[in-house]
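What follows is target16.cif (mmCIF, C-alpha atoms).
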```
data_final
loop_
_atom_site.label_atom_id
_atom_site.label_comp_id
_atom_site.auth_asym_id
_atom_site.auth_seq_id
_atom_site.Cartn_x
_atom_site.Cartn_y
_atom_site.Cartn_z
CA MET A 1 -1.72 15.18 12.59
CA ASN A 2 1.95 16.22 12.41
CA PHE A 3 3.50 13.93 15.00
CA LYS A 4 5.82 10.96 14.64
CA VAL A 5 5.68 7.63 16.43
CA PHE A 6 8.85 5.63 17.16
CA LEU A 7 8.93 1.89 17.80
CA LYS A 8 12.09 0.21 18.99
CA ASN A 9 13.64 -2.89 20.48
CA LYS A 10 17.13 -4.37 20.66
CA ALA A 11 16.97 -5.46 17.02
CA CYS A 12 15.20 -2.70 15.07
CA THR A 13 13.83 0.83 15.09
CA VAL A 14 10.73 2.03 13.22
CA ASN A 15 9.62 5.58 12.45
CA ILE A 16 5.98 6.30 11.55
CA GLU A 17 4.78 9.76 10.49
CA LYS A 18 1.04 10.46 10.11
CA GLY A 19 0.46 6.73 9.81
CA GLU A 20 3.10 6.36 7.08
CA LEU A 21 6.04 3.98 7.56
CA ILE A 22 9.05 6.20 6.81
CA SER A 23 11.88 4.21 8.38
CA LEU A 24 12.81 0.65 9.33
CA LYS A 25 16.40 0.20 10.52
CA LYS A 26 18.46 -2.71 11.73
CA ASP A 27 22.11 -2.27 12.71
CA GLU A 28 21.78 1.36 11.57
CA LYS A 29 20.99 0.25 8.02
CA GLU A 30 17.84 1.74 6.45
CA TYR A 31 15.36 -0.48 4.57
CA ILE A 32 12.66 2.07 3.62
CA HIS A 33 12.88 4.52 0.71
CA GLN A 34 13.52 8.02 2.03
CA LYS A 35 11.11 10.78 1.06
CA GLY A 36 12.84 13.43 -1.00
CA ASN A 37 15.07 10.93 -2.79
CA LYS A 38 14.48 10.24 -6.48
CA GLY A 39 11.83 7.69 -7.40
CA TRP A 40 8.64 8.49 -5.45
CA ARG A 41 7.48 11.28 -3.15
CA ASN A 42 6.15 8.90 -0.47
CA ALA A 43 7.48 5.98 1.57
CA ASP A 44 4.24 4.01 1.88
CA ASP A 45 0.56 4.35 1.02
CA GLU A 46 -2.65 2.34 0.73
CA MET A 47 -4.79 1.74 -2.37
CA PHE A 48 -8.50 1.52 -1.47
CA PRO A 49 -11.28 0.90 -2.42
CA VAL A 50 -9.82 0.37 -5.92
CA ILE A 51 -6.40 -0.38 -7.38
CA GLY A 52 -5.26 0.98 -10.71
CA PRO A 53 -6.03 3.72 -13.24
CA THR A 54 -9.75 4.54 -13.12
CA SER A 55 -9.24 7.04 -15.96
CA LYS A 56 -9.87 4.18 -18.39
CA ASN A 57 -13.35 3.96 -16.85
CA ASN A 58 -13.97 7.74 -16.95
CA PHE A 59 -13.13 7.80 -13.20
CA ARG A 60 -16.37 5.93 -12.43
CA VAL A 61 -16.78 2.74 -10.42
CA HIS A 62 -20.14 0.98 -10.69
CA THR A 63 -21.69 -0.27 -7.43
CA LYS A 64 -25.06 -1.38 -6.07
CA ASN A 65 -25.31 2.03 -4.33
CA GLY A 66 -24.64 3.97 -7.53
CA ASP A 67 -21.56 5.18 -9.38
CA ALA A 68 -18.58 6.34 -7.33
CA ILE A 69 -16.08 8.95 -8.53
CA LEU A 70 -12.58 7.65 -7.79
CA ASP A 71 -9.13 8.50 -9.12
CA GLN A 72 -6.20 6.10 -9.46
CA HIS A 73 -5.94 3.81 -6.41
CA GLY A 74 -9.12 5.19 -4.80
CA LEU A 75 -9.63 7.90 -2.19
CA LEU A 76 -8.20 6.52 1.07
CA ARG A 77 -4.87 8.28 0.43
CA GLU A 78 -6.69 11.62 0.51
CA LEU A 79 -7.85 11.06 4.11
CA GLU A 80 -5.73 11.65 7.23
CA TYR A 81 -5.01 9.04 9.88
CA SER A 82 -5.85 9.60 13.53
CA LEU A 83 -3.71 7.94 16.19
CA ILE A 84 -5.65 5.51 18.39
CA SER A 85 -2.80 4.40 20.65
CA SER A 86 0.94 3.77 20.72
CA ASP A 87 3.71 2.39 22.93
CA GLU A 88 7.32 1.30 22.43
CA ASN A 89 6.38 -1.73 20.32
CA SER A 90 3.07 -0.89 18.65
CA ALA A 91 0.92 1.85 17.16
CA LYS A 92 -2.67 1.94 15.93
CA PHE A 93 -4.16 4.39 13.43
CA ILE A 94 -7.59 4.86 11.85
CA LYS A 95 -9.29 6.65 8.97
CA LYS A 96 -13.06 7.13 8.83
CA TYR A 97 -15.28 7.90 5.85
CA LYS A 98 -18.99 8.75 5.65
CA ASN A 99 -20.75 7.67 2.47
CA ASN A 100 -20.93 10.19 -0.40
CA THR A 101 -18.74 12.75 1.40
CA LEU A 102 -16.87 14.79 -1.22
CA ILE A 103 -13.09 14.59 -0.84
CA ASN A 104 -10.68 16.96 -2.60
CA ASN A 105 -8.61 15.19 -5.26
CA SER A 106 -4.94 16.17 -4.96
CA LYS A 107 -4.36 15.08 -8.58
CA PHE A 108 -6.72 17.80 -9.85
CA PRO A 109 -6.24 19.70 -12.13
CA LYS A 110 -2.74 18.71 -13.31
CA LYS A 111 -3.24 14.95 -13.44
CA SER A 112 -7.00 14.48 -13.29
CA THR A 113 -10.25 15.96 -14.55
CA GLU A 114 -12.05 15.17 -11.28
CA GLN A 115 -11.93 17.84 -8.57
CA ASN A 116 -13.76 15.76 -5.95
CA LEU A 117 -13.91 12.06 -5.14
CA SER A 118 -16.67 10.11 -3.40
CA TRP A 119 -17.67 6.58 -2.39
CA PRO A 120 -21.27 5.48 -1.66
CA PHE A 121 -20.46 3.42 1.47
CA ASP A 122 -19.37 4.11 5.05
CA PHE A 123 -16.12 2.53 6.20
CA THR A 124 -13.38 2.69 8.80
CA PHE A 125 -9.83 1.68 7.93
CA GLU A 126 -7.37 0.70 10.67
CA LYS A 127 -3.61 0.38 10.20
CA ASN A 128 -1.83 -1.27 13.12
CA PHE A 129 1.94 -1.70 13.53
CA THR A 130 3.63 -4.21 15.83
CA LEU A 131 7.43 -4.58 16.14
CA GLU A 132 8.78 -7.83 17.59
CA ASN A 133 12.51 -8.60 17.35
CA ASP A 134 13.46 -8.09 13.68
CA VAL A 135 9.88 -8.42 12.39
CA LEU A 136 7.44 -5.59 11.65
CA ASN A 137 3.82 -6.64 11.26
CA ILE A 138 1.31 -4.27 9.67
CA GLU A 139 -2.37 -5.19 10.02
CA PHE A 140 -5.23 -3.61 8.09
CA ILE A 141 -8.79 -3.87 9.40
CA ILE A 142 -11.68 -2.67 7.23
CA ASN A 143 -15.10 -2.28 8.82
CA SER A 144 -18.01 -1.53 6.48
CA ASP A 145 -21.48 -2.63 5.47
CA LYS A 146 -21.53 -6.29 4.53
CA GLY A 147 -21.43 -6.59 0.75
CA MET A 148 -19.47 -3.38 0.10
CA PRO A 149 -17.26 -3.95 -2.97
CA PHE A 150 -13.56 -3.18 -2.62
CA MET A 151 -9.99 -3.81 -3.65
CA LEU A 152 -7.04 -3.29 -1.31
CA GLY A 153 -3.37 -2.71 -1.95
CA TYR A 154 -0.46 -1.72 0.27
CA HIS A 155 2.23 0.40 -1.41
CA PRO A 156 5.53 0.47 0.56
CA ALA A 157 8.81 1.55 -1.08
CA PHE A 158 12.10 -0.10 -0.13
CA LEU A 159 15.56 1.44 -0.26
CA LEU A 160 17.95 -0.19 -2.75
CA SER A 161 21.71 0.10 -3.30
CA ASN A 162 21.41 2.17 -6.51
CA THR A 163 23.37 -0.51 -8.39
CA GLY A 164 20.40 -2.05 -10.21
CA LYS A 165 21.55 -5.52 -9.11
CA GLU A 166 18.89 -6.43 -6.54
CA THR A 167 16.68 -9.43 -7.35
CA LEU A 168 13.49 -10.91 -5.92
CA ILE A 169 12.34 -14.48 -5.43
CA SER A 170 8.72 -15.64 -5.23
CA ASN A 171 7.19 -19.06 -5.97
CA GLY A 172 10.68 -20.27 -6.87
CA THR A 173 11.03 -17.69 -9.66
CA GLU A 174 13.63 -14.92 -9.80
CA VAL A 175 12.62 -11.40 -10.85
CA THR A 176 15.20 -8.74 -11.74
CA LEU A 177 14.91 -4.96 -11.71
CA ALA A 178 15.10 -5.16 -15.51
CA ASP A 179 11.85 -7.16 -15.42
CA VAL A 180 10.23 -4.46 -13.27
CA TYR A 181 11.42 -1.66 -15.57
CA LYS A 182 9.98 -3.49 -18.57
CA ALA A 183 6.50 -3.56 -16.99
CA GLY A 184 6.59 0.24 -16.65
CA ALA A 185 3.59 2.05 -15.21
CA ASN A 186 1.50 -1.15 -15.32
CA ALA A 187 3.75 -2.65 -12.60
CA CYS A 188 5.13 -6.19 -12.73
CA PRO A 189 2.62 -8.79 -11.44
CA ILE A 190 3.56 -11.59 -9.03
CA LEU A 191 0.27 -13.46 -8.79
CA ASN A 192 -0.94 -16.23 -6.46
CA SER A 193 1.83 -15.56 -3.96
CA ASP A 194 1.90 -14.71 -0.24
CA LYS A 195 5.68 -14.40 0.11
CA ILE A 196 8.47 -12.56 -1.66
CA ILE A 197 12.16 -12.17 -0.76
CA LEU A 198 14.15 -9.08 -1.69
CA LYS A 199 17.80 -10.02 -2.20
CA ASN A 200 19.65 -6.89 -1.12
CA ILE A 201 23.16 -5.97 -2.22
CA ASP A 202 24.41 -3.84 0.67
CA LYS A 203 22.47 -5.19 3.66
CA ASN A 204 20.39 -8.11 4.90
CA ASP A 205 17.67 -9.57 2.70
CA LEU A 206 13.99 -8.87 3.42
CA GLU A 207 11.19 -11.42 3.57
CA ILE A 208 7.69 -10.03 3.00
CA THR A 209 4.77 -12.31 3.78
CA THR A 210 1.07 -11.50 3.59
CA LYS A 211 -2.36 -12.76 4.61
CA ASN A 212 -5.48 -12.41 2.44
CA PHE A 213 -3.86 -10.32 -0.32
CA ASN A 214 -2.67 -13.31 -2.41
CA ASN A 215 -0.79 -11.21 -5.00
CA PHE A 216 1.98 -8.63 -5.39
CA MET A 217 2.94 -6.06 -7.98
CA LEU A 218 6.37 -4.46 -8.35
CA TRP A 219 7.09 -0.94 -9.55
CA THR A 220 10.05 1.39 -9.91
CA GLU A 221 11.65 3.71 -12.43
CA VAL A 222 14.99 4.09 -10.60
CA ASP A 223 17.78 1.92 -9.16
CA ASN A 224 17.59 3.32 -5.62
CA MET A 225 14.07 2.17 -4.64
CA LEU A 226 11.48 -0.51 -5.30
CA CYS A 227 7.78 -0.67 -4.43
CA ILE A 228 6.76 -4.20 -3.41
CA GLU A 229 2.98 -3.97 -3.23
CA PRO A 230 0.66 -6.64 -1.80
CA ILE A 231 -2.64 -6.44 -3.70
CA THR A 232 -5.98 -8.25 -3.67
CA GLN A 233 -6.41 -7.85 -7.44
CA TYR A 234 -4.27 -6.90 -10.42
CA THR A 235 -5.98 -4.60 -12.92
CA SER A 236 -3.29 -2.97 -15.06
CA TYR A 237 -2.94 -5.33 -18.03
CA THR A 238 -6.65 -6.11 -18.25
CA ASP A 239 -9.59 -4.31 -19.93
CA GLN A 240 -11.48 -5.06 -16.73
CA LYS A 241 -14.17 -2.51 -16.00
CA PHE A 242 -14.12 -0.85 -12.60
CA SER A 243 -17.32 -2.41 -11.35
CA GLU A 244 -18.61 -4.25 -8.30
CA GLU A 245 -18.69 -7.38 -10.48
CA ASN A 246 -14.87 -7.37 -10.51
CA MET A 247 -14.27 -6.61 -6.83
CA ARG A 248 -14.31 -8.46 -3.52
CA LEU A 249 -17.39 -8.07 -1.34
CA SER A 250 -16.96 -7.12 2.31
CA GLU A 251 -17.81 -9.57 5.06
CA GLY A 252 -18.50 -6.57 7.31
CA LYS A 253 -15.04 -6.86 8.85
CA ASN A 254 -12.07 -7.81 6.71
CA THR A 255 -8.52 -8.23 8.00
CA PHE A 256 -5.26 -8.27 6.04
CA SER A 257 -1.63 -8.27 7.13
CA VAL A 258 1.87 -7.66 5.80
CA THR A 259 4.93 -8.89 7.70
CA ILE A 260 8.38 -7.47 6.93
CA LYS A 261 11.22 -9.55 8.31
CA VAL A 262 14.91 -8.64 8.19
CA LEU A 263 16.73 -11.91 7.48
#
```

Written as structure tokens, how would this file's structure read?
Amino acid sequence: MNFKVFLKNKACTVNIEKGELISLKKDEKEYIHQKGNKGWRNADDEMFPVIGPTSKNNFRVHTKNGDAILDQHGLLRELEYSLISSDENSAKFIKKYKNNTLINNSKFPKKSTEQNLSWPFDFTFEKNFTLENDVLNIEFIINSDKGMPFMLGYHPAFLLSNTGKETLISNGTEVTLADVYKAGANACPILNSDKIILKNIDKNDLEITTKNFNNFMLWTEVDNMLCIEPITQYTSYTDQKFSEENMRLSEGKNTFSVTIKVL
């Protein structure tokens, strides 16, 4: 799928490529990290059905249907989206997976010992965009067998001023880029929160609100971009085993959302 989808209204424009949010503009100012710039090769991604470095668990995740082989942040990112529908203000995408299907691992062999990934459950994963005024809503719908264990994270990257002076506010607490740098590869946790505000230097602030994630983590290694990631669980600083015992269980259909508002 090599096509792009454009959403627009009087306030904002949005560019989506292969289901990936690659641009959000208001008044000609860009809010999304641009692919090819330093920092990260992507603009957004999803982490499913696990979040975090499975290497500490020998790339195995223990489930009632047997052990899965998953690399960091799962296998959803290795699948391609199909476009369901789109118009000027909305677009719907889907990924489908059949249990135990072997998926090539793009991290192999340079960054992983596992050539193929697999998951012992069927699922479909929908990603739906809706643009209304200066608000972009992104909805995730997961359909699976009831009781399937999972974690979910959304991994968008936002464009910064390259000054290192941006700050964030959540639960009345300020977080600086220095705090995010200090956390390193583990990412900086913002737990028990459904809202975070990015205080921009060179453009309007952003308000990011979520439903059913309940946590964020923050990651960057550069001054020009910041990943603000809604997550269902935070695994980096823990010795938590990647096991069904430490994951949510599906209700059959689970819905999550992320709303990005230009203030």

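Put simply, the PyMOL selection byres ((chain A and resi 256) around 7) on this file hits A:Glu139, A:Phe140, A:Ile141, A:Lys211, A:Asn212, A:Phe213, A:Asn254, A:Thr255, A:Ser257.
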
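With atom CA of A:Thr235 on one side and atom CA of A:Gly66 on the other, the separation reads 21.2 Å.
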
Selection dump of the PyMOL selection byres ((chain A and resi 102) around 12), as a list in words: Ala68, Ile69, Leu70, Leu75, Glu78, Leu79, Tyr97, Lys98, Asn99, Asn100, Thr101, Ile103, Asn104, Asn105, Glu114, Gln115, Asn116, Leu117, Ser118, Trp119 and Pro120 of chain A

Surrounding residues of stretch 25-36 of chain A excluding itself and chain neighbours under 3 positions, 6 Å, all atoms listed in the file, as a list in words: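 Surrounding residues, per the criterion: Cys12, Thr13, Arg41, Asn42, Ala43, Ala157, Phe158, Leu159 and Met225 of chain A.
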
3 Å per side around stretch 211-219 of chain A: axis-aligned box centre and edge lengths, as AutoDock Vina command-line options:
```
--center_x 0.8 --center_y -7.1 --center_z -2.5 --size_x 18.6 --size_y 18.4 --size_z 20.2
```

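Straight-line separation from atom CA of A:His155 to atom CA of A:Pro49: 13.6 Å.
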
Across A:Glu20, A:Asp205, A:Glu80, A:Asp122, the smallest distance to A:Lys4, with all atoms listed in the file counted, is shown by A:Glu20

Per residue of stretch 89-194 of chain A within 9 Å of stretch 217-220 of chain A, which atom pair is closest and at what distance in Å (one decimal), using all atoms listed in the file, listed by chain and increasing number, as CSV?
```
residue,atom,partner,partner_atom,distance
A:Ala157,CA,A:Thr220,CA,8.9
A:Leu177,CA,A:Thr220,CA,8.2
A:Val180,CA,A:Trp219,CA,6.0
A:Tyr181,CA,A:Thr220,CA,6.6
A:Ala183,CA,A:Trp219,CA,7.9
A:Gly184,CA,A:Trp219,CA,7.2
A:Ala185,CA,A:Trp219,CA,7.3
A:Asn186,CA,A:Trp219,CA,8.0
A:Ala187,CA,A:Trp219,CA,4.8
A:Cys188,CA,A:Leu218,CA,4.9
A:Pro189,CA,A:Met217,CA,4.4
A:Ile190,CA,A:Met217,CA,5.7
A:Leu191,CA,A:Met217,CA,7.9
```

Can you list, as a PyMOL selection string, the residues that the PyMOL selection byres ((chain A and resi 263) around 9) selects here? chain A and resi 134+204-207+261-262

Would you export the selected residues with C-alpha atoms as a tab-separated table (two decimals), in the frame of the given file, please?
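Heads up, here's the output in part_1.tsv:
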```tsv
chain	number	residue	atom	x	y	z
A	134	ASP	CA	13.46	-8.09	13.68
A	204	ASN	CA	20.39	-8.11	4.90
A	205	ASP	CA	17.67	-9.57	2.70
A	206	LEU	CA	13.99	-8.87	3.42
A	207	GLU	CA	11.19	-11.42	3.57
A	261	LYS	CA	11.22	-9.55	8.31
A	262	VAL	CA	14.91	-8.64	8.19
```

Using all atoms listed in the file, the residue out of A:Arg60, A:Lys96, A:Lys110, A:Lys199 with shortest distance to A:Glu126 is A:Lys96

So how many Å separate atom CA of A:Lys8 and atom CA of A:Asn200, to one decimal?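 Rounded to one decimal, the two atoms are 22.6 Å apart.
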
Between A:Asn192, A:Ser23, A:Asn128, A:Gln72, which is the closest to A:Ser106 once you count all atoms listed in the file?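 Result for the nearest residue to A:Ser106: A:Gln72.
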
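Distance check against A:Asn162 using only C-alpha atoms: of A:Ser236, A:Asp223, A:Asn65, A:Glu174, the minimum falls on A:Asp223.
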
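Minimum distance to A:Glu46 across A:Glu245, A:Asp87, A:Glu229, A:Glu251 (counting all atoms listed in the file) occurs at A:Glu229.
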